[in-house]
>>> print(open('input-v5.txt').read())   # compact mmCIF, C-alpha atoms and all ligand atoms
# COMPACT_ATOMS: atom_id res chain seq x y z
CA MET A 954 120.95 110.70 112.30
CA ALA A 955 117.34 109.59 112.15
CA ARG A 956 115.91 109.50 108.64
CA GLN A 957 112.92 111.68 108.16
CA ARG A 958 110.05 109.47 106.97
CA ALA A 959 107.25 111.99 106.68
CA ARG A 960 106.67 113.45 103.22
CA ALA A 961 104.21 116.00 102.00
CA ILE A 962 100.93 114.48 100.83
CA VAL A 963 99.62 116.03 97.64
CA GLY A 964 96.20 115.14 96.27
CA ILE A 965 95.42 115.03 92.57
CA PRO A 966 92.01 114.78 90.96
CA ARG A 967 91.23 111.32 89.60
CA ALA A 968 90.82 112.72 86.09
CA ALA A 969 94.38 114.11 86.22
CA LEU A 970 95.71 110.69 87.26
CA HIS A 971 93.80 109.06 84.40
CA ARG A 972 95.22 111.60 81.94
CA ALA A 973 98.78 110.97 83.17
CA LEU A 974 98.40 107.19 82.90
CA ARG A 975 96.77 107.38 79.48
CA ALA A 976 99.48 109.68 78.16
CA ALA A 977 102.01 106.91 78.76
CA LEU A 978 100.11 104.46 76.55
CA PRO A 979 100.05 104.19 72.76
CA PRO A 980 96.63 105.69 71.90
CA GLU A 981 95.52 102.64 69.90
CA SER A 982 96.09 100.32 72.88
CA LEU A 983 93.09 101.63 74.77
CA VAL A 984 89.44 101.34 73.76
CA ILE A 985 87.10 103.21 76.09
CA GLY A 986 83.34 103.57 76.31
CA THR A 987 82.67 99.92 75.52
CA GLU A 988 81.09 97.33 77.77
CA ALA A 989 82.35 93.79 78.30
CA THR A 990 79.17 91.74 78.37
CA GLY A 991 80.42 88.17 78.61
CA LEU A 992 83.41 85.96 79.37
CA ASP A 993 83.95 82.56 77.77
CA LEU A 994 86.52 80.28 79.43
CA SER A 995 85.70 77.09 77.49
CA ASP A 996 89.22 77.13 75.98
CA PRO A 997 91.39 77.58 79.08
CA ALA A 998 94.33 78.93 77.05
CA ARG A 999 92.28 81.48 75.07
CA PRO A 1000 89.76 83.32 77.24
CA ARG A 1001 87.22 85.28 75.22
CA VAL A 1002 85.54 88.52 76.21
CA THR A 1003 82.40 89.68 74.43
CA ARG A 1004 82.20 93.38 73.73
CA ASP A 1005 79.89 95.20 71.35
CA GLY A 1006 78.43 91.78 70.58
CA ALA A 1007 81.72 90.48 69.18
CA PRO A 1008 84.13 88.08 70.91
CA LEU A 1009 87.67 89.22 71.60
CA GLU A 1010 90.28 86.48 72.14
CA ALA A 1011 93.13 87.06 74.53
CA ASP A 1012 96.08 85.36 76.22
CA LEU A 1013 94.96 86.89 79.49
CA VAL A 1014 91.94 88.84 80.76
CA VAL A 1015 92.33 91.39 83.55
CA ALA A 1016 89.00 91.94 85.29
CA ALA A 1017 89.15 95.43 86.81
CA ASP A 1018 85.42 96.14 86.73
CA GLY A 1019 85.12 97.63 90.18
CA VAL A 1020 83.39 96.87 93.45
CA ASN A 1021 80.27 95.49 91.74
CA SER A 1022 82.38 93.35 89.41
CA ARG A 1023 80.23 91.25 87.16
CA LEU A 1024 83.20 89.06 86.27
CA ARG A 1025 83.94 88.36 89.94
CA ALA A 1026 80.36 87.22 90.41
CA ALA A 1027 80.65 84.94 87.36
CA LEU A 1028 84.01 83.48 88.41
CA PHE A 1029 83.18 83.07 92.11
CA PRO A 1030 79.42 82.40 92.18
CA GLY A 1031 79.59 81.25 95.82
CA HIS A 1032 81.07 84.54 97.02
CA PRO A 1033 78.54 86.86 98.70
CA GLY A 1034 79.85 89.97 96.89
CA PRO A 1035 80.17 93.47 98.33
CA ALA A 1036 78.51 94.50 101.59
CA TYR A 1037 77.56 97.93 102.95
CA SER A 1038 80.28 99.11 105.35
CA GLY A 1039 77.89 101.11 107.55
CA SER A 1040 79.17 104.49 106.35
CA THR A 1041 78.30 107.00 103.69
CA VAL A 1042 80.67 109.63 102.30
CA LEU A 1043 79.94 113.12 100.95
CA ARG A 1044 82.94 114.79 99.34
CA ALA A 1045 84.04 117.47 96.91
CA ILE A 1046 86.97 119.38 95.52
CA THR A 1047 86.84 123.08 96.34
CA GLU A 1048 86.16 125.46 93.48
CA HIS A 1049 89.10 127.71 94.37
CA PRO A 1050 92.21 127.64 96.59
CA VAL A 1051 91.80 127.60 100.35
CA GLU A 1052 94.49 128.64 102.80
CA LEU A 1053 95.64 125.51 104.62
CA ARG A 1054 98.40 125.02 107.16
CA THR A 1055 98.88 121.28 106.66
CA ASP A 1056 98.60 118.95 103.71
CA PHE A 1057 96.26 116.40 105.28
CA GLU A 1058 93.99 116.32 108.31
CA LEU A 1059 91.29 114.16 109.82
CA SER A 1060 88.82 115.10 112.54
CA TRP A 1061 86.57 112.62 114.30
CA GLY A 1062 83.34 113.13 116.13
CA ARG A 1063 80.85 110.54 117.34
CA GLY A 1064 79.99 108.45 114.30
CA VAL A 1065 81.41 111.07 111.92
CA GLU A 1066 84.68 112.14 110.32
CA PHE A 1067 85.77 115.18 108.35
CA GLY A 1068 89.01 114.99 106.39
CA ARG A 1069 90.76 116.99 103.77
CA ILE A 1070 93.82 116.85 101.55
CA ALA A 1071 95.57 119.73 99.79
CA PHE A 1072 96.10 119.83 96.04
CA ALA A 1073 99.23 121.32 94.46
CA ASP A 1074 97.17 124.15 92.88
CA GLY A 1075 95.88 125.30 96.29
CA ARG A 1076 92.46 123.69 96.06
CA ALA A 1077 91.57 120.86 98.42
CA GLU A 1078 89.48 117.72 98.49
CA TRP A 1079 87.34 117.24 101.58
CA HIS A 1080 85.24 114.33 102.71
CA ALA A 1081 82.58 113.97 105.36
CA VAL A 1082 81.93 110.41 106.54
CA VAL A 1083 78.76 109.58 108.43
CA LYS A 1084 77.83 106.28 110.06
CA THR A 1085 74.27 105.75 108.90
CA ALA A 1086 71.90 103.39 107.14
CA ALA A 1087 72.50 102.77 103.45
CA GLY A 1088 70.55 104.72 100.88
CA VAL A 1089 69.98 107.98 102.80
CA ARG A 1090 70.09 110.88 100.30
CA HIS A 1091 69.71 114.67 100.64
CA CYS A 1092 68.12 117.06 98.15
CA ASP A 1093 70.84 119.58 99.16
CA PRO A 1094 73.96 117.50 99.99
CA LEU A 1095 76.19 120.53 100.68
CA GLY A 1096 73.51 121.96 102.98
CA ALA A 1097 73.40 118.64 104.85
CA VAL A 1098 77.19 118.72 105.33
CA ARG A 1099 77.00 122.34 106.49
CA ARG A 1100 74.35 121.49 109.05
CA ARG A 1101 76.48 118.67 110.44
CA PHE A 1102 79.99 120.12 110.15
CA GLY A 1103 79.58 123.85 109.49
CA ASP A 1104 80.50 124.83 113.06
CA TRP A 1105 83.60 122.59 113.23
CA HIS A 1106 87.08 124.01 113.61
CA ASP A 1107 89.11 125.75 110.91
CA PRO A 1108 89.45 125.13 108.05
CA VAL A 1109 86.18 123.14 107.81
CA PRO A 1110 83.87 126.17 107.34
CA ALA A 1111 86.26 127.69 104.77
CA LEU A 1112 86.38 124.45 102.79
CA LEU A 1113 82.60 124.24 102.68
CA ALA A 1114 82.32 127.90 101.73
CA ALA A 1115 84.72 127.27 98.81
CA THR A 1116 82.60 124.41 97.46
CA ARG A 1117 79.92 124.60 94.76
CA PRO A 1118 76.77 122.63 95.68
CA ALA A 1119 76.84 120.78 92.35
CA ASP A 1120 80.34 119.44 93.05
CA VAL A 1121 79.37 117.34 96.07
CA LEU A 1122 79.48 113.58 95.47
CA HIS A 1123 77.66 111.16 97.75
CA HIS A 1124 78.48 107.44 97.91
CA ASP A 1125 77.58 104.67 100.30
CA VAL A 1126 80.75 102.70 100.96
CA HIS A 1127 80.71 99.02 100.09
CA GLU A 1128 83.52 96.57 100.66
CA LEU A 1129 84.37 92.91 100.12
CA ALA A 1130 83.89 91.92 103.75
CA VAL A 1131 84.49 88.28 102.83
CA PRO A 1132 87.93 88.03 101.21
CA LEU A 1133 88.22 86.22 97.89
CA PRO A 1134 89.94 82.80 97.98
CA SER A 1135 91.94 83.70 94.85
CA TYR A 1136 92.61 86.68 92.59
CA THR A 1137 92.85 84.45 89.54
CA ALA A 1138 90.65 81.94 87.75
CA GLY A 1139 92.10 80.24 84.70
CA ARG A 1140 93.69 82.97 82.64
CA VAL A 1141 91.73 85.75 84.31
CA ALA A 1142 93.26 88.09 86.90
CA LEU A 1143 91.02 90.12 89.19
CA LEU A 1144 92.48 93.54 89.96
CA GLY A 1145 91.57 96.57 92.07
CA ASP A 1146 88.14 96.80 93.68
CA ALA A 1147 87.03 93.71 91.75
CA ALA A 1148 89.55 91.78 93.86
CA HIS A 1149 89.62 93.65 97.16
CA ALA A 1150 87.18 96.56 97.49
CA MET A 1151 87.95 98.12 100.87
CA THR A 1152 86.71 100.98 103.00
CA PRO A 1153 88.50 104.28 102.23
CA ASN A 1154 89.70 104.81 105.81
CA LEU A 1155 93.36 104.46 104.84
CA GLY A 1156 92.95 105.99 101.37
CA GLN A 1157 94.30 102.77 99.89
CA GLY A 1158 91.72 101.33 97.45
CA ALA A 1159 93.12 102.89 94.29
CA CYS A 1160 96.69 102.67 95.63
CA GLN A 1161 96.27 98.93 96.01
CA ALA A 1162 94.84 98.71 92.49
CA LEU A 1163 97.95 100.44 91.17
CA GLU A 1164 100.16 98.05 93.12
CA ASP A 1165 98.21 95.13 91.64
CA ALA A 1166 98.88 96.43 88.14
CA VAL A 1167 102.61 96.89 88.74
CA VAL A 1168 103.02 93.43 90.28
CA LEU A 1169 100.97 91.77 87.52
CA ALA A 1170 103.00 93.46 84.79
CA ALA A 1171 106.27 92.47 86.50
CA ALA A 1172 105.11 88.87 86.94
CA LEU A 1173 104.09 88.62 83.28
CA ALA A 1174 107.48 89.97 82.21
CA ALA A 1175 109.42 87.63 84.49
CA GLU A 1176 107.57 84.31 84.33
CA PRO A 1177 107.70 81.88 81.39
CA THR A 1178 103.92 81.32 81.15
CA PRO A 1179 100.76 83.32 81.96
CA GLU A 1180 99.82 80.58 84.44
CA ALA A 1181 103.08 81.02 86.36
CA ALA A 1182 102.70 84.80 86.28
CA LEU A 1183 99.15 84.58 87.61
CA ALA A 1184 100.21 82.23 90.43
CA ARG A 1185 102.90 84.73 91.41
CA TYR A 1186 100.47 87.64 91.18
CA ASP A 1187 97.99 85.92 93.47
CA ALA A 1188 100.69 84.91 95.96
CA GLU A 1189 102.14 88.42 96.14
CA ARG A 1190 99.02 90.51 96.03
CA ARG A 1191 96.32 88.65 97.93
CA PRO A 1192 97.93 88.61 101.39
CA ARG A 1193 99.03 92.23 101.22
CA SER A 1194 95.88 93.78 99.80
CA GLN A 1195 93.64 91.75 102.13
CA ALA A 1196 95.77 92.83 105.10
CA VAL A 1197 95.38 96.46 104.01
CA ALA A 1198 91.61 95.94 103.69
CA ARG A 1199 91.47 94.56 107.23
CA ALA A 1200 93.52 97.49 108.51
CA ALA A 1201 91.23 99.95 106.71
CA ARG A 1202 88.15 98.35 108.29
CA ARG A 1203 89.79 98.49 111.73
CA ALA A 1204 90.72 102.14 111.20
CA GLY A 1205 87.10 102.95 110.45
CA ARG A 1206 85.84 101.06 113.49
CA MET A 1207 88.30 102.80 115.79
CA GLY A 1208 87.75 106.16 114.09
CA HIS A 1209 84.53 107.63 112.79
CA GLN A 1210 82.39 104.56 113.47
CA LEU A 1211 82.82 104.85 117.24
CA THR A 1212 79.67 106.24 118.83
CA ASP A 1213 79.77 104.87 122.37
CA PRO A 1214 80.74 107.83 124.63
CA LEU A 1215 83.13 105.72 126.72
CA ALA A 1216 84.90 104.33 123.66
CA VAL A 1217 85.07 107.82 122.17
CA ALA A 1218 86.60 109.14 125.41
CA VAL A 1219 89.29 106.43 125.27
CA ARG A 1220 90.01 107.16 121.62
CA ASP A 1221 90.15 110.90 121.91
CA PRO A 1222 93.13 113.00 122.92
CA SER A 1223 93.09 114.92 126.18
CA ASP A 1224 92.56 118.18 124.34
CA PRO A 1225 89.58 117.59 122.09
CA VAL A 1226 88.15 120.54 120.25
CA ARG A 1227 84.60 121.79 120.38
CA PRO A 1228 82.70 122.97 117.34
CA GLY A 1229 83.46 126.59 116.68
CA GLN A 1230 86.17 126.76 119.33
CA ALA A 1231 89.29 125.25 117.83
CA ARG A 1232 91.13 127.78 115.74
CA ARG A 1233 94.63 126.34 115.99
CA PRO A 1234 95.91 122.92 114.89
CA ALA A 1235 96.58 120.31 117.54
CA PRO A 1236 99.97 118.57 117.38
CA PRO A 1237 100.16 115.46 115.22
CA ARG A 1238 99.28 112.46 117.34
CA LEU A 1239 98.83 109.52 115.04
CA ASP A 1240 101.67 108.19 112.98
CA ALA A 1241 101.09 106.28 109.83
CA PRO A 1242 100.05 102.65 109.93
CA ALA A 1243 102.48 100.31 108.20
CA ALA A 1244 100.58 100.60 104.92
CA HIS A 1245 101.58 104.28 104.75
CA PRO A 1246 105.19 104.50 105.90
CA SER A 1247 105.50 108.04 104.61
CA ARG A 1248 102.22 109.43 105.81
CA LEU A 1249 101.89 111.74 108.75
CA VAL A 1250 98.29 112.06 109.76
CA ARG A 1251 97.03 114.91 111.86
CA VAL A 1252 94.00 113.88 113.82
CA TYR A 1253 91.61 116.01 115.79
CA SER A 1254 88.71 114.86 117.84
CA VAL A 1255 85.55 116.92 117.95
CA ILE A 1256 83.12 116.81 120.86
CA PRO A 1257 79.56 117.27 119.69
CA GLY A 1258 78.47 120.77 120.61
CA GLY A 1259 75.38 121.45 122.65
C1 LIG B 1 84.46 107.87 99.24
C2 LIG B 1 85.65 107.16 98.70
C3 LIG B 1 86.91 107.69 98.90
C4 LIG B 1 88.04 107.02 98.42
N1 LIG B 1 89.28 107.56 98.65
C5 LIG B 1 90.36 106.91 98.21
C6 LIG B 1 91.67 107.44 98.44
O1 LIG B 1 91.84 108.50 99.05
N2 LIG B 1 92.73 106.77 97.99
C7 LIG B 1 92.61 105.59 97.31
O2 LIG B 1 93.62 105.01 96.92
N3 LIG B 1 91.38 105.06 97.08
C8 LIG B 1 90.27 105.68 97.51
N4 LIG B 1 89.03 105.16 97.26
C9 LIG B 1 88.92 103.87 96.59
C10 LIG B 1 89.03 103.99 95.08
O3 LIG B 1 88.06 104.88 94.58
C11 LIG B 1 88.84 102.62 94.47
O4 LIG B 1 89.60 101.66 95.18
C12 LIG B 1 89.30 102.61 93.02
O5 LIG B 1 88.49 103.48 92.26
C13 LIG B 1 89.24 101.21 92.45
O6 LIG B 1 89.63 101.27 91.12
P1 LIG B 1 89.14 100.15 90.12
O7 LIG B 1 89.74 100.51 88.80
O8 LIG B 1 89.41 98.80 90.67
O9 LIG B 1 87.55 100.28 90.08
P2 LIG B 1 86.68 101.53 89.55
O10 LIG B 1 87.36 102.82 89.81
O11 LIG B 1 85.32 101.30 90.11
O12 LIG B 1 86.66 101.32 87.99
C14 LIG B 1 85.98 100.22 87.41
C15 LIG B 1 85.69 100.59 85.98
O13 LIG B 1 85.20 99.43 85.30
C16 LIG B 1 84.12 99.86 84.48
N5 LIG B 1 83.28 98.68 84.22
C17 LIG B 1 82.49 98.02 85.08
N6 LIG B 1 81.89 96.98 84.48
C18 LIG B 1 82.30 97.01 83.18
C19 LIG B 1 82.04 96.21 82.05
N7 LIG B 1 81.23 95.13 82.11
N8 LIG B 1 82.64 96.52 80.88
C20 LIG B 1 83.48 97.57 80.78
N9 LIG B 1 83.79 98.38 81.84
C21 LIG B 1 83.19 98.09 83.00
C22 LIG B 1 83.40 100.95 85.29
O14 LIG B 1 82.63 101.76 84.45
C23 LIG B 1 84.61 101.68 85.87
O15 LIG B 1 85.07 102.67 84.98
C24 LIG B 1 87.89 105.81 97.72
C25 LIG B 1 86.61 105.28 97.50
C26 LIG B 1 85.50 105.95 97.99
C27 LIG B 1 84.13 105.36 97.74
>>> encode(input="input-v5.txt", output="structure tokens")
Amino acid sequence: MARQRARAIVGIPRAALHRALRAALPPESLVIGTEATGLDLSDPARPRVTRDGAPLEADLVVAADGVNSRLRAALFPGHPGPAYSGSTVLRAITEHPVELRTDFELSWGRGVEFGRIAFADGRAEWHAVVKTAAGVRHCDPLGAVRRRFGDWHDPVPALLAATRPADVLHHDVHELAVPLPSYTAGRVALLGDAAHAMTPNLGQGACQALEDAVVLAAALAAEPTPEAALARYDAERRPRSQAVARAARRAGRMGHQLTDPLAVAVRDPSDPVRPGQARRPAPPRLDAPAAHPSRLVRVYSVIPGG
């Protein structure tokens, strides 16, 4: 009998994930709200981080300071750093539950995407991706999304109607288009977006950061020295996370970033929906890429209305 691989996808707010992770830690092990301002590697065996003006010695430093990582720039001065991906994302979590028939859906138009994921409490997160120049901002972001997507198929209008204007976030998407040659330097490990910031087209950036953390912890527990653990971490994590980043970039190029009508016609299913017309879900037509063996993605294609 064939094993069923598809599982329900359930979104959780980032703050809830942070709370769950923090609850598993002894409270005194975490200091928040403090900035690391410097890194001293003059003693290779005792890296020192400066915070609040005072040095902090460590056996190992994990640099997880995000896409604009200052530590990455210091450790790899020749690396060009993050680059604009060509897309901007407006997104929000609905204020109240919305009736949804599936847990996750994506719809593509020409140069745009609208996606949403259901939360266990009935609310949903939605995102609207637009291929555009960097830095474009709207005084009424929700109004801008409504103008662009408000006449799309169900449940897009309902999701927008359930959203408070103040809850809309807007970010230009940056990625490490040039992969790093190493995720370690001395006794420093780069982790998460600092190591491999990627486009969100496969929803994998934070997932890969979590995988990094698990592999690093396992390597430190198994290997006799931090150096051996870091070598193992780099060998295990760099090929996989960089492959996922490439796949995410490809997914964006073949998805919302397509604008050429011919390319869009090749990409789209034979039964595309028109704004305001589609009121029933199309059958699933895109199975998960290898990075998501359990994910079933439902994809629609939306023809721009007149
Ligand atoms: C629109 C969008 C949608 C996304 N959707 C998904 C998704 O569905 N699934 C998914 O898995 N990923 C998704 N991602 C990617 C995900 O948000 C990132 O990959 C993830 O947040 C990376 O985590 P991080 O801890 O490496 O970096 P961050 O979340 O950026 O955290 C870095 C932290 O370091 C802190 N910091 C920076 N410098 C210093 C310093 N000098 N001292 C002290 N602290 C410092 C920052 O304040 C920040 O808190 C999405 C990203 C975007 C933009």
>>> residues_around(input="input-v5.txt", residues="stretch 1148-1157 of chain A", least_positions_apart="2", cutoff="6 Å", atoms="only C-alpha atoms", output="JSON, numbers by chain")
{"A": [1020, 1128, 1129, 1143, 1144, 1145, 1146, 1159, 1160, 1161, 1198, 1201, 1205]}
>>> axis_aligned_box(input="input-v5.txt", around="ligand LIG 1 (chain B)", padding_each_side="3 Å", output="lines of an AutoDock Vina configuration file")
center_x = 87.4
center_y = 101.8
center_z = 90.0
size_x = 18.4
size_y = 19.4
size_z = 24.5
>>> residues_around(input="input-v5.txt", residues="A:Ser1135", least_positions_apart="2", cutoff="12 Å", atoms="all atoms listed in the file", output="ChimeraX atom specification")
/A:1025,1028-1029,1032,1131-1133,1137-1139,1141-1144,1147-1149,1183-1192,1194-1195
>>> residues_near_point(input="input-v5.txt", point="(81.1, 85.1, 83.6)", cutoff="10 Å", atoms="all atoms listed in the file", output="list in words")
Thr990, Gly991, Leu992, Asp993, Leu994, Val1002, Arg1023, Leu1024, Arg1025, Ala1026, Ala1027, Leu1028, Phe1029 and Pro1030 of chain A
>>> closest_residue(input="input-v5.txt", among="A:Asp1120, A:Asp1125, A:Glu1052, A:Glu1164", to="ligand LIG 1 (chain B)", atoms="only C-alpha atoms and all ligand atoms")
A:Asp1125
